[in-house]
Structure formats: C-alpha cells, structure tokens
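**Q** You'll find data.tsv just under this line, and it carries TSV, C-alpha atoms.
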chain	number	residue	atom	x	y	z
N	230	MET	CA	31.31	-14.57	-17.45
N	231	THR	CA	32.88	-14.54	-13.99
N	232	ALA	CA	33.80	-10.93	-14.59
N	233	ILE	CA	30.25	-9.80	-15.31
N	234	LEU	CA	28.92	-11.84	-12.37
N	235	ASP	CA	31.42	-10.13	-10.07
N	236	ILE	CA	30.49	-6.71	-11.46
N	237	VAL	CA	26.79	-7.26	-10.78
N	238	ARG	CA	27.35	-8.81	-7.36
N	239	SER	CA	29.57	-5.93	-6.25
N	240	ILE	CA	26.95	-3.19	-6.81
N	241	ASP	CA	26.14	-1.38	-3.55
N	242	ASP	CA	22.64	-1.54	-2.15
N	243	PRO	CA	21.31	2.06	-2.47
N	244	GLU	CA	19.88	2.11	1.07
N	245	LEU	CA	22.57	0.01	2.77
N	246	PRO	CA	25.79	1.22	1.13
N	247	HIS	CA	27.92	-0.98	3.44
N	248	VAL	CA	26.73	-4.13	1.65
N	249	THR	CA	26.39	-5.15	-1.99
N	250	ILE	CA	23.39	-6.71	-3.70
N	251	GLY	CA	25.55	-9.86	-3.97
N	252	ASP	CA	26.05	-9.89	-0.17
N	253	LEU	CA	22.29	-9.61	0.28
N	254	GLY	CA	21.63	-12.61	-1.98
N	255	MET	CA	19.57	-10.60	-4.47
N	256	VAL	CA	21.44	-11.75	-7.62
N	257	ARG	CA	19.76	-14.96	-8.77
N	258	LYS	CA	21.26	-15.48	-12.20
N	259	VAL	CA	23.71	-13.90	-14.65
N	260	ALA	CA	23.99	-15.43	-18.14
N	261	LEU	CA	25.72	-14.14	-21.25
N	262	ASP	CA	24.21	-14.54	-24.71
N	263	GLY	CA	26.70	-12.90	-27.05
N	264	ARG	CA	26.83	-9.26	-25.96
N	265	ILE	CA	23.54	-9.49	-24.05
N	266	ALA	CA	23.75	-10.02	-20.29
N	267	HIS	CA	20.59	-11.64	-18.88
N	268	ILE	CA	20.34	-10.82	-15.19
N	269	ARG	CA	17.73	-12.01	-12.73
N	270	ILE	CA	17.38	-10.16	-9.46
N	271	THR	CA	14.96	-10.82	-6.63
N	272	PRO	CA	13.56	-7.82	-4.75
N	273	THR	CA	13.71	-7.85	-0.95
N	274	TYR	CA	10.55	-6.20	0.40
N	275	THR	CA	7.64	-5.84	-2.05
N	276	GLY	CA	7.44	-2.11	-1.28
N	277	CYS	CA	11.18	-1.45	-1.18
N	278	PRO	CA	11.65	1.91	-2.94
N	279	ALA	CA	15.25	1.00	-3.79
N	280	THR	CA	14.16	-1.61	-6.36
N	281	GLU	CA	14.04	0.82	-9.31
N	282	GLN	CA	17.39	2.33	-8.29
N	283	ILE	CA	18.95	-1.13	-8.19
N	284	ARG	CA	17.71	-1.86	-11.70
N	285	ALA	CA	19.21	1.42	-12.95
N	286	ASP	CA	22.54	0.75	-11.17
N	287	VAL	CA	22.78	-2.78	-12.59
N	288	GLU	CA	21.98	-1.58	-16.10
N	289	ALA	CA	24.57	1.20	-15.89
N	290	ALA	CA	27.27	-1.18	-14.62
N	291	VAL	CA	26.53	-3.73	-17.34
N	292	VAL	CA	26.65	-1.06	-20.06
N	293	ALA	CA	29.95	0.23	-18.66
N	294	ALA	CA	31.35	-3.32	-18.92
N	295	GLY	CA	30.44	-3.37	-22.62
N	296	TYR	CA	27.33	-5.53	-22.54
N	297	GLU	CA	23.66	-4.94	-23.26
N	298	PRO	CA	21.61	-5.46	-20.08
N	299	ASN	CA	18.38	-7.44	-19.86
N	300	VAL	CA	17.36	-7.17	-16.20
N	301	GLU	CA	14.37	-9.09	-14.87
N	302	PHE	CA	12.95	-9.22	-11.37
N	303	GLU	CA	12.11	-12.68	-10.09
N	304	MET	CA	9.46	-13.03	-7.39
N	305	ALA	CA	9.56	-16.77	-6.68
N	306	PRO	CA	10.99	-18.25	-4.56
N	307	PRO	CA	10.73	-15.26	-2.20
N	308	TRP	CA	13.86	-13.57	-0.92
N	309	SER	CA	14.66	-14.23	2.73
N	310	THR	CA	17.21	-12.74	5.09
N	311	ASP	CA	18.58	-16.31	5.19
N	312	ASP	CA	19.95	-15.49	1.70
N	313	ILE	CA	22.38	-12.91	3.14
N	314	SER	CA	25.94	-14.28	2.92
N	315	THR	CA	28.29	-14.76	5.88
N	316	GLU	CA	30.40	-11.93	4.50
N	317	GLY	CA	27.31	-9.73	4.22
N	318	ARG	CA	26.44	-10.42	7.86
N	319	ALA	CA	29.94	-9.46	8.96
N	320	LYS	CA	29.73	-6.21	6.96
N	321	LEU	CA	26.37	-5.34	8.50
N	322	ARG	CA	27.71	-5.92	12.01
N	323	ALA	CA	30.79	-3.80	11.23
N	324	ALA	CA	28.46	-1.00	10.09
N	325	GLY	CA	26.59	-1.12	13.42
N	326	ILE	CA	23.55	-3.00	12.12
N	327	ALA	CA	22.77	-6.28	13.90
N	328	PRO	CA	22.47	-9.04	11.27
N	329	PRO	CA	19.19	-10.99	11.10
N	330	ALA	CA	18.49	-14.16	13.07
N	331	PRO	CA	17.59	-17.23	10.97
N	332	ALA	CA	14.10	-16.80	9.51
N	333	GLY	CA	13.37	-20.39	8.42
N	334	ASP	CA	9.99	-21.33	7.01
N	335	GLY	CA	7.78	-20.65	10.02
N	336	PRO	CA	6.09	-17.44	11.13
N	337	VAL	CA	8.29	-14.51	12.10
N	338	THR	CA	9.34	-14.53	15.74
N	339	LEU	CA	11.39	-12.08	17.75
N	340	ASP	CA	11.97	-14.17	20.85
N	341	LEU	CA	15.73	-13.88	21.45
N	342	PRO	CA	17.03	-10.41	22.27
N	343	VAL	CA	19.18	-9.17	19.42
N	344	GLU	CA	22.92	-8.93	20.09
N	345	CYS	CA	24.19	-5.34	20.27
N	346	PRO	CA	26.53	-4.82	17.28
N	347	GLN	CA	28.53	-2.27	19.31
N	348	CYS	CA	29.30	-4.09	22.57
N	349	GLY	CA	28.03	-7.64	21.92
N	350	SER	CA	25.59	-7.66	24.85
N	351	ARG	CA	22.24	-9.45	24.63
N	352	ARG	CA	20.74	-7.10	27.22
N	353	THR	CA	18.84	-5.26	24.52
N	354	ARG	CA	15.22	-4.46	23.86
N	355	LEU	CA	13.19	-3.79	20.74
N	356	THR	CA	12.04	-0.16	20.66
N	357	SER	CA	10.26	-0.40	17.30
N	358	ALA	CA	9.90	-3.17	14.73
N	359	PHE	CA	9.97	-0.48	12.03
N	360	GLY	CA	13.11	1.56	11.34
N	361	ALA	CA	14.47	4.05	8.81
N	362	THR	CA	14.09	1.53	5.96
N	363	ALA	CA	11.61	-1.30	5.39
N	364	CYS	CA	14.21	-3.93	6.30
N	365	LYS	CA	15.36	-2.60	9.69
N	366	ALA	CA	14.10	-2.46	13.30
N	367	LEU	CA	15.18	-0.18	16.18
N	368	HIS	CA	16.72	-1.44	19.44
N	369	MET	CA	18.26	-0.10	22.64
N	370	CYS	CA	21.22	-1.70	24.41
N	371	ALA	CA	21.02	-1.72	28.23
N	372	ALA	CA	24.75	-2.50	28.54
N	373	CYS	CA	26.33	0.28	26.46
N	374	ARG	CA	23.18	2.45	26.52
N	375	GLN	CA	23.31	3.07	22.79
N	376	PRO	CA	20.48	2.75	20.28
N	377	PHE	CA	21.16	0.53	17.27
N	378	GLU	CA	19.43	-0.94	14.22
N	379	SER	CA	18.94	-4.57	13.27
N	380	PHE	CA	18.11	-6.24	9.99
N	381	LYS	CA	14.71	-7.88	10.47
N	382	ALA	CA	14.58	-11.64	9.92
N	383	ILE	CA	12.05	-12.27	7.18
A	263	MET	CA	-12.73	-17.32	-15.01
A	264	THR	CA	-10.27	-14.54	-15.94
A	265	THR	CA	-12.96	-11.96	-15.17
A	266	GLU	CA	-13.51	-13.45	-11.70
A	267	LEU	CA	-9.78	-13.56	-11.05
A	268	LEU	CA	-9.34	-9.96	-12.25
A	269	ASN	CA	-12.11	-8.87	-9.90
A	270	HIS	CA	-10.45	-10.72	-7.02
A	271	VAL	CA	-7.04	-9.17	-7.73
A	272	LEU	CA	-8.58	-5.69	-7.91
A	273	ARG	CA	-10.38	-6.22	-4.59
A	274	GLN	CA	-7.08	-7.11	-2.96
A	275	GLY	CA	-5.16	-4.31	-4.67
A	276	ASP	CA	-7.81	-1.71	-3.79
A	277	ARG	CA	-7.89	-2.93	-0.17
A	278	ALA	CA	-4.12	-2.54	0.12
A	279	LEU	CA	-3.99	0.85	-1.64
A	280	VAL	CA	-6.82	2.52	0.30
A	281	LEU	CA	-5.45	1.30	3.64
A	282	SER	CA	-1.95	2.38	2.59
A	283	HIS	CA	-3.26	5.88	1.93
A	284	ARG	CA	-5.14	6.02	5.25
A	285	LEU	CA	-1.96	5.07	7.12
A	286	ALA	CA	0.08	7.62	5.17
A	287	GLN	CA	-2.32	10.28	6.50
A	288	TRP	CA	-0.91	9.59	10.00
A	289	ILE	CA	2.61	10.70	9.08
A	290	THR	CA	3.66	13.58	11.39
A	291	HIS	CA	0.44	13.05	13.44
A	292	ALA	CA	1.25	9.77	15.25
A	293	PRO	CA	1.80	9.73	19.05
A	294	SER	CA	5.60	9.34	18.71
A	295	LEU	CA	8.33	9.53	16.10
A	296	GLU	CA	8.75	5.73	16.19
A	297	GLU	CA	5.04	5.31	15.54
A	298	ASP	CA	5.20	7.73	12.59
A	299	MET	CA	7.89	5.48	11.12
A	300	ALA	CA	6.02	2.28	11.93
A	301	LEU	CA	2.78	3.39	10.27
A	302	ALA	CA	4.73	4.75	7.29
A	303	ASN	CA	6.57	1.42	6.93
A	304	ILE	CA	3.33	-0.56	7.04
A	305	SER	CA	1.82	1.86	4.52
A	306	LEU	CA	4.82	1.33	2.24
A	307	ASP	CA	4.55	-2.47	2.44
A	308	LEU	CA	0.87	-2.23	1.50
A	309	LEU	CA	1.75	0.07	-1.41
A	310	GLY	CA	4.32	-2.46	-2.62
A	311	GLN	CA	1.71	-5.21	-2.51
A	312	THR	CA	-0.69	-2.92	-4.39
A	313	ARG	CA	1.81	-2.31	-7.18
A	314	HIS	CA	2.29	-6.03	-7.79
A	315	LEU	CA	-1.47	-6.68	-7.67
A	316	TYR	CA	-2.31	-3.81	-10.05
A	317	THR	CA	0.43	-4.80	-12.49
A	318	TYR	CA	-0.99	-8.32	-12.51
A	319	ALA	CA	-4.54	-6.94	-12.91
A	320	GLY	CA	-3.32	-5.12	-16.03
A	321	GLU	CA	-1.98	-8.40	-17.46
A	322	LEU	CA	-5.23	-10.24	-16.70
A	323	GLU	CA	-7.32	-7.46	-18.20
A	324	GLY	CA	-5.17	-7.34	-21.34
A	325	GLU	CA	-6.02	-3.77	-22.33
A	326	GLY	CA	-2.61	-2.27	-21.70
A	327	ASN	CA	-3.51	-0.62	-18.37
A	328	ASP	CA	-0.65	-0.25	-15.88
A	329	GLU	CA	-0.52	0.17	-12.09
A	330	ASP	CA	-0.93	3.96	-12.36
A	331	TYR	CA	-4.14	3.56	-14.34
A	332	PHE	CA	-5.77	1.47	-11.60
A	333	ALA	CA	-4.62	3.82	-8.84
A	334	TYR	CA	-5.25	7.21	-10.42
A	335	TRP	CA	-7.76	6.96	-13.22
A	336	ARG	CA	-10.69	5.06	-11.75
A	337	ASP	CA	-13.51	6.69	-9.75
A	338	ALA	CA	-14.93	5.50	-6.43
A	339	ALA	CA	-17.58	3.24	-7.95
A	340	ALA	CA	-14.86	1.23	-9.71
A	341	PHE	CA	-12.98	0.57	-6.46
A	342	ARG	CA	-13.58	-2.84	-4.87
A	343	ASN	CA	-12.04	-2.43	-1.41
A	344	PRO	CA	-13.98	-3.50	1.69
A	345	LEU	CA	-15.61	-0.62	3.60
A	346	LEU	CA	-13.38	-1.12	6.66
A	347	VAL	CA	-10.21	0.26	5.07
A	348	GLU	CA	-11.83	3.48	3.83
A	349	GLN	CA	-13.20	4.40	7.28
A	350	PRO	CA	-11.64	7.59	8.69
A	351	ASN	CA	-8.57	7.22	10.90
A	352	GLY	CA	-10.35	8.54	14.02
A	353	ASP	CA	-8.09	8.63	17.07
A	354	PHE	CA	-5.09	6.31	17.39
A	355	ALA	CA	-7.20	3.60	19.07
A	356	VAL	CA	-9.65	3.53	16.14
A	357	THR	CA	-6.75	3.16	13.70
A	358	ILE	CA	-5.25	0.35	15.77
A	359	ALA	CA	-8.59	-1.49	16.00
A	360	ARG	CA	-8.93	-1.21	12.20
A	361	GLN	CA	-5.40	-2.58	11.77
A	362	VAL	CA	-6.05	-5.53	14.10
A	363	PHE	CA	-9.19	-6.55	12.19
A	364	HIS	CA	-7.45	-6.04	8.87
A	365	ASP	CA	-4.08	-7.60	9.72
A	366	HIS	CA	-5.60	-10.82	11.09
A	367	ALA	CA	-7.61	-11.16	7.85
A	368	ALA	CA	-4.63	-10.22	5.65
A	369	LEU	CA	-2.28	-12.71	7.32
A	370	LEU	CA	-4.80	-15.56	7.00
A	371	TYR	CA	-5.51	-14.54	3.41
A	372	TRP	CA	-1.85	-14.46	2.33
A	373	GLU	CA	-1.14	-17.72	4.16
A	374	SER	CA	-3.97	-19.40	2.27
A	375	MET	CA	-2.75	-17.86	-1.00
A	376	THR	CA	0.74	-19.37	-0.71
A	377	GLU	CA	-0.97	-22.56	-1.96
A	378	SER	CA	-2.74	-20.83	-4.86
A	379	ALA	CA	-2.65	-22.56	-8.23
A	380	ASP	CA	-1.87	-19.09	-9.65
A	381	VAL	CA	1.93	-18.79	-9.78
A	382	THR	CA	2.03	-14.97	-9.65
A	383	LEU	CA	-0.29	-14.69	-6.66
A	384	GLY	CA	1.43	-17.59	-4.89
A	385	ALA	CA	4.84	-15.89	-5.20
A	386	LEU	CA	3.48	-12.55	-3.98
A	387	ALA	CA	1.72	-14.29	-1.08
A	388	ALA	CA	4.95	-15.85	0.17
A	389	ARG	CA	6.44	-12.36	0.54
A	390	ALA	CA	3.32	-10.53	1.69
A	391	ARG	CA	2.67	-13.13	4.41
A	392	ASN	CA	6.04	-12.41	6.05
A	393	GLU	CA	5.52	-8.65	5.90
A	394	THR	CA	1.99	-8.94	7.26
A	395	ALA	CA	3.22	-10.99	10.24
A	396	PHE	CA	5.18	-7.91	11.37
A	397	HIS	CA	2.14	-5.66	10.84
A	398	LEU	CA	-0.02	-7.95	12.96
A	399	GLN	CA	2.57	-8.09	15.72
A	400	HIS	CA	2.57	-4.30	15.79
A	401	SER	CA	-1.21	-3.78	15.77
A	402	THR	CA	-2.07	-6.52	18.29
A	403	GLY	CA	0.74	-5.33	20.58
A	404	TRP	CA	-0.79	-1.85	20.60
A	405	LEU	CA	-4.37	-3.04	21.08
A	406	VAL	CA	-3.36	-5.04	24.15
A	407	ARG	CA	-1.49	-2.05	25.61
A	408	LEU	CA	-4.41	0.29	24.96
A	409	GLY	CA	-7.12	-2.13	26.14
A	410	ASP	CA	-5.15	-3.18	29.19
A	411	GLY	CA	-3.74	0.29	29.89
A	412	THR	CA	-5.47	3.22	31.59
A	413	ASP	CA	-9.23	3.74	31.94
A	414	GLU	CA	-9.07	6.31	29.17
A	415	SER	CA	-7.07	4.13	26.75
A	416	HIS	CA	-9.39	1.19	27.50
A	417	ARG	CA	-12.46	3.34	26.81
A	418	ARG	CA	-11.06	4.55	23.49
A	419	ALA	CA	-9.92	1.08	22.41
A	420	GLN	CA	-13.37	-0.37	23.13
A	421	ALA	CA	-14.96	2.54	21.26
A	422	GLY	CA	-12.72	1.75	18.27
A	423	VAL	CA	-13.67	-1.92	18.32
A	424	ASP	CA	-17.38	-1.05	18.61
A	425	ALA	CA	-17.23	1.50	15.77
A	426	LEU	CA	-15.47	-0.79	13.30
A	427	TRP	CA	-16.95	-4.19	14.12
A	428	PRO	CA	-19.84	-3.65	11.65
A	429	TYR	CA	-17.34	-3.59	8.78
A	430	THR	CA	-15.60	-6.87	9.56
A	431	SER	CA	-17.76	-9.49	7.82
A	432	GLU	CA	-16.88	-8.01	4.43
A	433	LEU	CA	-13.18	-8.59	5.12
A	434	LEU	CA	-13.70	-12.33	5.21
A	435	ASP	CA	-14.83	-14.66	2.45
A	436	ALA	CA	-16.66	-13.11	-0.53
A	437	ASP	CA	-19.77	-15.09	-1.50
A	438	ASP	CA	-19.18	-14.82	-5.26
A	439	GLU	CA	-15.73	-16.44	-5.47
A	440	GLY	CA	-16.71	-20.10	-5.15
A	441	GLU	CA	-15.48	-20.94	-8.62
A	442	LEU	CA	-12.05	-19.43	-7.95
A	443	ARG	CA	-11.85	-21.46	-4.75
A	444	SER	CA	-12.93	-24.76	-6.32
A	445	SER	CA	-10.31	-24.35	-9.05
A	446	GLY	CA	-7.58	-23.74	-6.46
A	447	LEU	CA	-6.82	-20.15	-7.54
A	448	ILE	CA	-7.73	-18.77	-4.12
A	449	GLY	CA	-7.11	-20.52	-0.83
A	450	LYS	CA	-9.28	-21.99	1.85
A	451	PRO	CA	-11.91	-19.88	3.71
A	452	ILE	CA	-10.56	-17.73	6.55
A	453	GLU	CA	-13.73	-16.82	8.45
A	454	THR	CA	-13.51	-19.35	11.30
A	455	ALA	CA	-9.79	-18.80	11.86
A	456	TRP	CA	-10.29	-15.01	11.81
A	457	HIS	CA	-12.99	-15.12	14.50
A	458	GLU	CA	-10.80	-17.31	16.70
A	459	ALA	CA	-7.72	-15.12	16.24
A	460	VAL	CA	-9.58	-11.86	16.84
A	461	ALA	CA	-11.37	-13.27	19.91
A	462	ASP	CA	-7.96	-14.21	21.31
A	463	THR	CA	-6.53	-10.71	20.74
A	464	LEU	CA	-9.61	-9.04	22.25
A	465	LEU	CA	-9.41	-11.33	25.28
A	466	ASN	CA	-5.75	-10.43	25.83
A	467	ALA	CA	-6.65	-6.75	25.55
A	468	GLY	CA	-9.57	-7.00	27.99
A	469	LEU	CA	-11.95	-5.90	25.23
A	470	HIS	CA	-15.01	-7.51	23.71
A	471	ALA	CA	-16.80	-7.59	20.38
A	472	PRO	CA	-20.14	-5.78	20.42
A	473	ILE	CA	-23.18	-8.04	20.71
A	474	ASP	CA	-25.96	-7.77	18.10
A	475	ALA	CA	-24.04	-5.33	15.86
A	476	GLU	CA	-25.49	-5.08	12.35
A	477	GLN	CA	-22.96	-5.71	9.58
A	478	CYS	CA	-22.48	-3.24	6.70
A	479	ALA	CA	-21.11	-4.39	3.35
A	480	GLY	CA	-20.96	-3.19	-0.23
A	481	GLY	CA	-17.40	-2.00	-0.86
A	482	ILE	CA	-16.30	-5.20	-2.60
A	483	HIS	CA	-19.18	-4.65	-5.06
A	484	GLY	CA	-18.35	-0.96	-5.57
A	485	VAL	CA	-20.94	0.50	-3.17
A	486	HIS	CA	-18.91	2.73	-0.86
A	487	SER	CA	-19.38	4.98	2.15
A	488	GLU	CA	-19.09	8.76	1.81
A	489	HIS	CA	-15.47	8.53	3.01
A	490	LEU	CA	-13.87	7.02	-0.10
A	491	GLU	CA	-14.36	9.90	-2.56
A	492	PRO	CA	-12.49	12.55	-0.52
A	493	LEU	CA	-9.63	10.06	-0.03
A	494	LEU	CA	-9.44	9.40	-3.77
A	495	HIS	CA	-9.59	13.13	-4.60
A	496	GLU	CA	-6.58	13.73	-2.37
A	497	MET	CA	-4.69	10.75	-3.77
A	498	GLN	CA	-5.53	11.28	-7.46
A	499	HIS	CA	-5.58	15.05	-7.95
A	500	LEU	CA	-1.89	15.47	-8.80
A	501	ALA	CA	-1.88	12.72	-11.43
A	502	ARG	CA	-5.10	14.07	-12.94
A	503	ALA	CA	-3.95	17.70	-12.91
A	504	HIS	CA	-0.74	16.77	-14.77
A	505	PRO	CA	-1.50	13.72	-16.91
A	506	GLY	CA	1.62	11.78	-17.87
A	507	ALA	CA	3.90	13.88	-15.68
A	508	SER	CA	7.09	12.22	-14.42
A	509	TRP	CA	9.88	13.26	-12.12
Take the structure in the file and write it out as structure tokens.

**A**
Amino acid sequence: MTAILDIVRSIDDPELPHVTIGDLGMVRKVALDGRIAHIRITPTYTGCPATEQIRADVEAAVVAAGYEPNVEFEMAPPWSTDDISTEGRAKLRAAGIAPPAPAGDGPVTLDLPVECPQCGSRRTRLTSAFGATACKALHMCAACRQPFESFKAI
Amino acid sequence: MTTELLNHVLRQGDRALVLSHRLAQWITHAPSLEEDMALANISLDLLGQTRHLYTYAGELEGEGNDEDYFAYWRDAAAFRNPLLVEQPNGDFAVTIARQVFHDHAALLYWESMTESADVTLGALAARARNETAFHLQHSTGWLVRLGDGTDESHRRAQAGVDALWPYTSELLDADDEGELRSSGLIGKPIETAWHEAVADTLLNAGLHAPIDAEQCAGGIHGVHSEHLEPLLHEMQHLARAHPGASW
C-alpha cells in the first residue's frame, strides 16, 4: 500500500520535470482492492495539456508495479498552489522557478514582488502573468538582472 | 429542467470555445512575444473550461455525444454563444475591449456559480473563477494603458469600446433561465455588478461607454452574425475531412 502510494507520488510532472505529482499535491487518494489500484488525481489548471500525459504515466507505473490501474480525475475541491508541499517548493526554487505565494480563499492578488530564485532579491517586476506553461508567470530581477519564472498562486 | 440546464451548459461551453478560437488566431500576430504567450494561455484556459462543459453537456443530453461532437459536428445555428465572442479580432485594442467586457462577465458568472446546487458546475466554477481573475487582470491592465496612453492608443481603445458595446447586454443574464435560478442551479444575476465593474475600468482608462447605443442579441438563441460560420469552417474542417482521425 505504502509502496504503491510512493510510486504514484514520485511520478514526474511532464511539464515541470523537477517536481513530482506528489510534490504538487495532485494525488488525492490511492487505495488497493486486490490487484486493482484505485487512484484519484486532481488536475491543476482546467486547460492543462499535461493532464492526459499524467494519466498515461500513472497507468504505466501502476502496471509496472503489478497492479491494474483505475485512475479517476477529481474536480472538487479545486486544486490550489497551497497544496504544493514544502519539499516541492524547495525543488521549484532550486530549479530557478519562484514558488507561489499563499493563495488562500480570496481573489488572486499579486501585490508583493516575487523573490528572485537566483539571488533572493525582492527588487523584481512582473513582465507577464502568462509564461511558457499555464501555471507560470515571467519576471525580471533588478538586482541580478536575470529573467526568471514563478509559479502563479491560484 | 434537464433541457434548460443542457442549454445553459452549451451556451457557456460555446462562449468559451468561440472566444478561445478567436484568441488563438492572434498567435504570432500579437504586438510582442509575451503577448502572444498571454493570449495563447488565456485561449488554452478557455479551451479547458470548454472541454469540461461539453463533457458535462454530453452527460446531461444522454445520447452518447462527447466533447468532440459538440465542438466539431454542429453547425452555426446550433451554437449558443453570445454575439460578442464571435466578433472579429480587429486591432489589438478591439480585442482588449472584447476581453474586458467578457472577462468581467465571466468572473462574476463563475463567482456566482461556485454556489450552484449543481455539483459538477460548482466544482468547475471554483477553478474557472481563479483562472478568470488572471484573465481580467490582464485585459483591464491593457485597457487602462491603451486608454490612458497616447492619443492614437486612446482613439483606438475608444473605437473598440464603441464597436463592441452593442453586444454586451447579451453577455449578462438570459431572460429564459428563471427556473434554473429559482432552483439554485445557476447563481445570482450579474447585470448590476457588471455595469459597476465595467464603469470603474472605463473610468480608470479615461474611456466612456457610448450613449444611446442600440443593443444586438440573438447568439444565445442560435441567431448569429456572419462572422461565426467562417470561424467554424476553419476550426472544424480538419475533423470533418478526416472523421475519427487520431494522432
């Protein structure tokens, strides 16, 4: 049981290979019923094109572990960047992606300048709220003069 | 009641899909690389919302139709999107004005739907609301910069607002969904809040709504402008030329 949970949680996110779907808080439930593994995953963004790839990766890993996969996507409650683990945040920062600020229940705000993951300065500005994937924004650091990405708080 | 709910879900799905396609038409034509990515991201979010809405429409309809059926195999008269989202992109200011009108309505709509008695729509609304908040931040930010920018950008932004204002009333509360509202399946009316929010954005941008503009409607009942059919032809031709193809 623990083994299959660890296997599912350790699958890399297809678009953010530095973190796993477990780090991102996408694995909601893993339950064994004989040889069948029931797995509930919550998608991040509704339009995230990685969703189908994640399903295929989970199914392949479960089959390789000797179980029959039954993967379901769960919409409610909605995924939030608050579900990303402390370890996941550290991995994002190490990969040069600023981890998200707390999202909470209220409307999305971008008041505090994001901390540069390269030099730690807060003298940064948002250059675009939309980056190379649905979950990231683009920033510029005035201290080290490098562009960087952040994970949007949602 | 299921028929009314199906019609409502299709209106929302068609709105999101047609606007998604319009925004996708900007890719490689936007004023900057960042803006190409921004419009593509917003388009992708709308497409994601569409897929959930169409999948749910298929369940409500109960005839085995999937998301691809609703996107590719219906003709213009079956589409229920408001006229605003099918209007041509125009210049960048026209597109931004369209997004401001749409995004204010979409955010209020999804906020109201988080309290829907329908579990599927309520769960989708909680996600879509957060995504739409980013879209609104983007479109209002641009409208203020254009309206409060140079003489030329102000002129174009006002022209965009004037051109699209006649299509705004249809974005708000449909007059044939009272039963859905009284049974708690759809949320509270958004019209008053929309007018307040849009007036605030226009004020910040130094722009104004046209006075005495006639309103056009019909899209949510399947009566469309001449602009929808060419859009659908472009979007549907590949699926129709190769039925059942996959890759």

**Q** Please, what is the axis-aligned box for every listed atom of range 286-289 of chain N with 4 Å on each side, as centre and edge lengths in Å to one decimal, as lines of an AutoDock Vina configuration file?

**A**
center_x = 23.3
center_y = -0.8
center_z = -13.6
size_x = 10.6
size_y = 12.0
size_z = 12.9

**Q** Pick out the residues sitting within 8 Å of Ala266 in chain N, and hand them over as a ChimeraX atom specification; count only C-alpha atoms, and ignore anything fewer than 2 positions along from it in its own chain.

**A** /N:259-264,268,291,296-299

**Q** Would you tabulate, counting all atoms listed in the file, all residues of chain A that have an atom at most 7 Å from an atom of chain N, showing the closest pair of atoms and their distance in Å to one decimal, sorted by chain then ascending number, as a Markdown table?

**A**
| residue | atom | partner | partner_atom | distance |
| --- | --- | --- | --- | --- |
| A:Glu296 | CA | N:Ser357 | CA | 6.4 |
| A:Met299 | CA | N:Phe359 | CA | 6.4 |
| A:Ala300 | CA | N:Phe359 | CA | 4.8 |
| A:Asn303 | CA | N:Ala363 | CA | 5.9 |
| A:Leu306 | CA | N:Gly276 | CA | 5.6 |
| A:Asp307 | CA | N:Gly276 | CA | 4.7 |
| A:Leu309 | CA | N:Gly276 | CA | 6.1 |
| A:Gly310 | CA | N:Gly276 | CA | 3.4 |
| A:Gln311 | CA | N:Thr275 | CA | 6.0 |
| A:Ala385 | CA | N:Ala305 | CA | 5.0 |
| A:Leu386 | CA | N:Met304 | CA | 6.9 |
| A:Ala388 | CA | N:Pro307 | CA | 6.3 |
| A:Arg389 | CA | N:Pro307 | CA | 5.9 |
| A:Asn392 | CA | N:Ile383 | CA | 6.1 |
| A:Ala395 | CA | N:Val337 | CA | 6.4 |

**Q** At a cut-off of 12 Å, using all atoms listed in the file, what residues contact Ala293 in chain N? Leave out same-chain residues fewer than 6 positions from it and give the result as a ChimeraX atom specification.

**A** /N:233,236-237,286-287

**Q** One decimal, in Å: what's the spacing between CA of Leu267 in chain A and CA of Asp380 in chain A?

**A**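 Computing the Euclidean distance for CA of Leu267 in chain A and CA of Asp380 in chain A yields 9.8 Å.
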
**Q** Do you know which residues are at most 9 Å from range 370-372 of chain A counting all atoms listed in the file, after dropping those on the same chain fewer than 2 positions away, and could you put them as a list in words?

**A**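 Once the adjacent positions are removed, what remains is Asp365, His366, Ala367, Ala368, Ser374, Met375, Thr376, Gly384, Leu386, Ala387, Ala388, Arg389, Ala390, Arg391, Asn392, Thr394, Leu434, Ile448, Gly449, Lys450, Pro451, Ile452, Ala455 and Trp456 of chain A.
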